[in-house]
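Have a look at final-v8.cif below; it lists mmCIF, C-alpha atoms.
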data_model
#
loop_
_atom_site.label_atom_id
_atom_site.label_comp_id
_atom_site.auth_asym_id
_atom_site.auth_seq_id
_atom_site.Cartn_x
_atom_site.Cartn_y
_atom_site.Cartn_z
CA MET A 229 -5.63 -8.66 -32.41
CA LYS A 230 -8.29 -11.37 -32.62
CA LYS A 231 -11.61 -11.49 -30.80
CA TYR A 232 -13.02 -14.72 -29.42
CA LYS A 233 -16.15 -15.65 -27.52
CA VAL A 234 -15.57 -18.01 -24.58
CA ASN A 235 -18.25 -19.78 -22.55
CA VAL A 236 -17.30 -20.49 -18.91
CA ASN A 237 -19.88 -22.26 -16.74
CA GLY A 238 -22.72 -20.94 -18.86
CA THR A 239 -21.47 -17.34 -18.92
CA ALA A 240 -20.30 -15.96 -22.27
CA TYR A 241 -17.22 -13.72 -22.33
CA GLU A 242 -15.70 -11.84 -25.25
CA ILE A 243 -11.89 -11.80 -25.17
CA GLU A 244 -9.20 -10.29 -27.36
CA ILE A 245 -5.88 -12.02 -27.98
CA GLU A 246 -2.87 -10.27 -29.44
CA LEU A 247 -0.33 -12.28 -31.38
CA MET A 248 3.21 -11.43 -30.23
CA SER A 249 6.47 -11.91 -32.06
CA GLU A 250 9.15 -14.13 -30.51
CA GLU A 251 11.17 -11.03 -29.56
CA GLU A 252 8.20 -9.45 -27.75
CA ALA A 253 7.54 -12.72 -25.92
CA ALA A 254 11.20 -12.96 -24.83
CA VAL A 255 11.09 -9.39 -23.47
CA SER A 256 7.84 -10.03 -21.57
CA LYS A 257 9.37 -13.15 -19.95
CA GLN A 258 12.32 -11.08 -18.73
CA THR A 259 10.14 -8.31 -17.28
CA PRO A 260 7.09 -9.87 -15.63
CA ALA A 261 3.98 -7.78 -15.18
CA GLN A 262 3.75 -6.19 -11.77
CA ALA A 263 1.24 -7.97 -9.60
CA PRO A 264 -0.41 -6.30 -6.61
CA ALA A 265 1.28 -7.04 -3.31
CA PRO A 266 -0.37 -9.94 -1.46
CA ALA A 267 -2.27 -9.17 1.73
CA PRO A 268 -0.41 -10.18 4.88
CA ALA A 269 -1.63 -13.38 6.44
CA ALA A 270 -0.08 -12.77 9.83
CA ALA A 271 -0.08 -9.80 12.16
CA PRO A 272 2.05 -6.88 10.96
CA ALA A 273 4.97 -5.56 12.97
CA PRO A 274 3.37 -4.61 16.28
CA ALA A 275 3.40 -1.00 17.48
CA GLN A 276 4.28 0.01 21.03
CA ALA A 277 1.27 0.44 23.33
CA PRO A 278 1.59 2.85 26.27
CA GLY A 279 3.06 0.74 29.09
CA ALA A 280 1.37 -2.52 28.03
CA GLY A 281 3.87 -4.03 25.58
CA GLU A 282 3.71 -4.70 21.84
CA GLU A 283 0.27 -4.41 20.29
CA VAL A 284 -0.89 -7.13 17.85
CA LYS A 285 -3.24 -5.56 15.30
CA ALA A 286 -5.77 -7.02 12.87
CA PRO A 287 -4.22 -7.12 9.38
CA MET A 288 -7.67 -6.88 7.72
CA PRO A 289 -11.33 -6.48 8.69
CA GLY A 290 -13.13 -9.66 9.72
CA THR A 291 -14.62 -11.68 12.56
CA ILE A 292 -12.66 -13.34 15.36
CA LEU A 293 -13.48 -17.08 15.24
CA SER A 294 -11.38 -18.19 18.21
CA VAL A 295 -8.99 -16.75 20.76
CA ASN A 296 -6.26 -19.23 21.76
CA VAL A 297 -4.58 -17.15 24.50
CA LYS A 298 -5.55 -15.24 27.63
CA ALA A 299 -3.82 -12.59 29.72
CA GLY A 300 -0.81 -14.05 31.50
CA ASP A 301 -0.07 -16.77 28.90
CA ALA A 302 3.54 -17.12 27.73
CA VAL A 303 3.81 -17.17 23.93
CA LYS A 304 6.58 -17.92 21.43
CA CYS A 305 7.24 -16.08 18.17
CA GLY A 306 5.01 -17.58 15.46
CA GLN A 307 2.50 -19.11 17.90
CA VAL A 308 -1.13 -18.78 16.77
CA LEU A 309 -2.88 -16.29 19.03
CA MET A 310 -6.29 -16.26 17.35
CA ILE A 311 -8.15 -17.06 14.14
CA LEU A 312 -9.59 -14.19 12.08
CA GLU A 313 -12.19 -14.97 9.41
CA ALA A 314 -12.06 -12.57 6.47
CA MET A 315 -13.71 -13.15 3.07
CA LYS A 316 -14.64 -16.71 4.12
CA MET A 317 -10.96 -17.54 4.78
CA GLU A 318 -9.52 -18.41 8.17
CA ASN A 319 -6.37 -16.37 8.88
CA GLU A 320 -4.02 -17.24 11.73
CA ILE A 321 -2.90 -14.24 13.76
CA MET A 322 0.52 -15.11 15.12
CA ALA A 323 2.78 -13.69 17.81
CA GLY A 324 5.50 -11.44 16.39
CA SER A 325 7.83 -12.08 19.33
CA ASP A 326 8.31 -14.18 22.45
CA GLY A 327 6.72 -12.81 25.60
CA THR A 328 3.71 -12.81 27.86
CA VAL A 329 0.21 -11.78 26.83
CA THR A 330 -0.65 -8.74 28.95
CA ALA A 331 -4.14 -8.08 27.57
CA VAL A 332 -6.66 -9.56 25.13
CA MET A 333 -8.98 -6.94 23.68
CA VAL A 334 -11.29 -9.19 21.59
CA SER A 335 -13.47 -12.24 22.02
CA ALA A 336 -14.79 -14.96 19.72
CA GLY A 337 -17.55 -13.69 17.42
CA GLN A 338 -16.44 -10.07 17.59
CA ALA A 339 -16.11 -8.08 14.35
CA VAL A 340 -12.87 -6.10 13.98
CA GLU A 341 -11.58 -3.48 11.54
CA ALA A 342 -8.14 -3.46 9.91
CA GLY A 343 -5.63 -2.08 12.41
CA SER A 344 -7.78 -2.85 15.47
CA ALA A 345 -5.82 -3.87 18.56
CA LEU A 346 -6.32 -7.58 19.25
CA CYS A 347 -3.93 -8.18 22.15
CA THR A 348 -0.65 -6.98 23.65
CA ILE A 349 2.53 -8.98 24.28
CA GLN A 350 5.27 -7.84 26.65
#

Transcribe the structure of this file into structure tokens.
Amino acid sequence: MKKYKVNVNGTAYEIEIELMSEEEAAVSKQTPAQAPAPAPAAAPAPAQAPGAGEEVKAPMPGTILSVNVKAGDAVKCGQVLMILEAMKMENEIMAGSDGTVTAVMVSAGQAVEAGSALCTIQ
């Protein structure tokens, strides 16, 4: 194992690098390191709301930037319902199925938590 000092944008880091044999490298190529699962960009599978249709929930905490639908609008699967800003990224919240929007529970500028109901589609 060798230690190196690396300077990135004015910040010094100390790193260690391990020299691997060709056999170890071949094995590591065959079994990649497990990466954490990526966060969903779209709405998760909606849950059933009591008598109002399928509920579209916020996949992560953030702020609603825009709402593109209103109650009574017909929507298609994959249509963008609203834009959710989280960690300075704009995330499109899409319809999980075809149907009609029965209720919109949020408005532009509103902060939401992960799992918060955004709208229902029937």

Exercise. Apply the PyMOL selection byres ((chain A and resi 306-313) around 12) to the displayed file and report the matching residues as a VMD selection string.
Key: chain A and resid 269 to 272 284 to 299 301 to 305 314 to 329 331 to 342 344 346 to 349

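What separates atom CA of Glu282 of chain A from atom CA of Gly343 of chain A is a distance of 13.5 Å.
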
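Considering only C-alpha atoms, the residue among A:Gly281, A:Ile245, A:Gly300, A:Gln350 positioned nearest to Lys230 of chain A is A:Ile245.
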
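The space separating atom CA of Ser249 of chain A from atom CA of Met229 of chain A comes to 12.5 Å.
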
Practice problem: For the point (-14.7, -7.7, -29.2) in the file's frame, write as a list of chain:residue names all residues with an atom no more than 12 Å away, counting only C-alpha atoms. | Solution: A:Met229, A:Lys230, A:Lys231, A:Tyr232, A:Lys233, A:Val234, A:Tyr241, A:Glu242, A:Ile243, A:Glu244, A:Ile245

N, CA and C atoms for segment 283-298 of chain A, written as a CSV table (one decimal), in the frame of the given file, could you do that?
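The result, written out as out_9.csv:
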chain,number,residue,atom,x,y,z
A,283,GLU,N,1.7,-4.2,20.7
A,283,GLU,CA,0.3,-4.4,20.3
A,283,GLU,C,0.2,-5.3,19.0
A,284,VAL,N,-0.6,-6.3,19.0
A,284,VAL,CA,-0.9,-7.1,17.8
A,284,VAL,C,-2.2,-6.6,17.3
A,285,LYS,N,-2.1,-6.2,16.0
A,285,LYS,CA,-3.2,-5.6,15.3
A,285,LYS,C,-3.8,-6.5,14.2
A,286,ALA,N,-5.1,-6.3,13.9
A,286,ALA,CA,-5.8,-7.0,12.9
A,286,ALA,C,-5.2,-6.6,11.5
A,287,PRO,N,-4.8,-7.5,10.7
A,287,PRO,CA,-4.2,-7.1,9.4
A,287,PRO,C,-5.3,-6.7,8.4
A,288,MET,N,-6.6,-7.1,8.6
A,288,MET,CA,-7.7,-6.9,7.7
A,288,MET,C,-9.0,-6.9,8.5
A,289,PRO,N,-10.1,-6.4,8.0
A,289,PRO,CA,-11.3,-6.5,8.7
A,289,PRO,C,-11.9,-7.9,8.6
A,290,GLY,N,-12.6,-8.3,9.7
A,290,GLY,CA,-13.1,-9.7,9.7
A,290,GLY,C,-13.8,-9.9,11.1
A,291,THR,N,-14.0,-11.2,11.3
A,291,THR,CA,-14.6,-11.7,12.6
A,291,THR,C,-13.7,-12.6,13.3
A,292,ILE,N,-13.5,-12.5,14.6
A,292,ILE,CA,-12.7,-13.3,15.4
A,292,ILE,C,-13.4,-14.7,15.6
A,293,LEU,N,-12.8,-15.8,15.1
A,293,LEU,CA,-13.5,-17.1,15.2
A,293,LEU,C,-13.1,-17.7,16.6
A,294,SER,N,-11.8,-17.6,16.9
A,294,SER,CA,-11.4,-18.2,18.2
A,294,SER,C,-10.2,-17.4,18.7
A,295,VAL,N,-10.1,-17.4,20.1
A,295,VAL,CA,-9.0,-16.8,20.8
A,295,VAL,C,-8.3,-17.9,21.5
A,296,ASN,N,-7.0,-18.1,21.2
A,296,ASN,CA,-6.3,-19.2,21.8
A,296,ASN,C,-5.4,-18.9,23.0
A,297,VAL,N,-5.4,-17.6,23.4
A,297,VAL,CA,-4.6,-17.2,24.5
A,297,VAL,C,-5.4,-16.3,25.4
A,298,LYS,N,-4.9,-16.1,26.7
A,298,LYS,CA,-5.6,-15.2,27.6
A,298,LYS,C,-4.4,-14.5,28.3
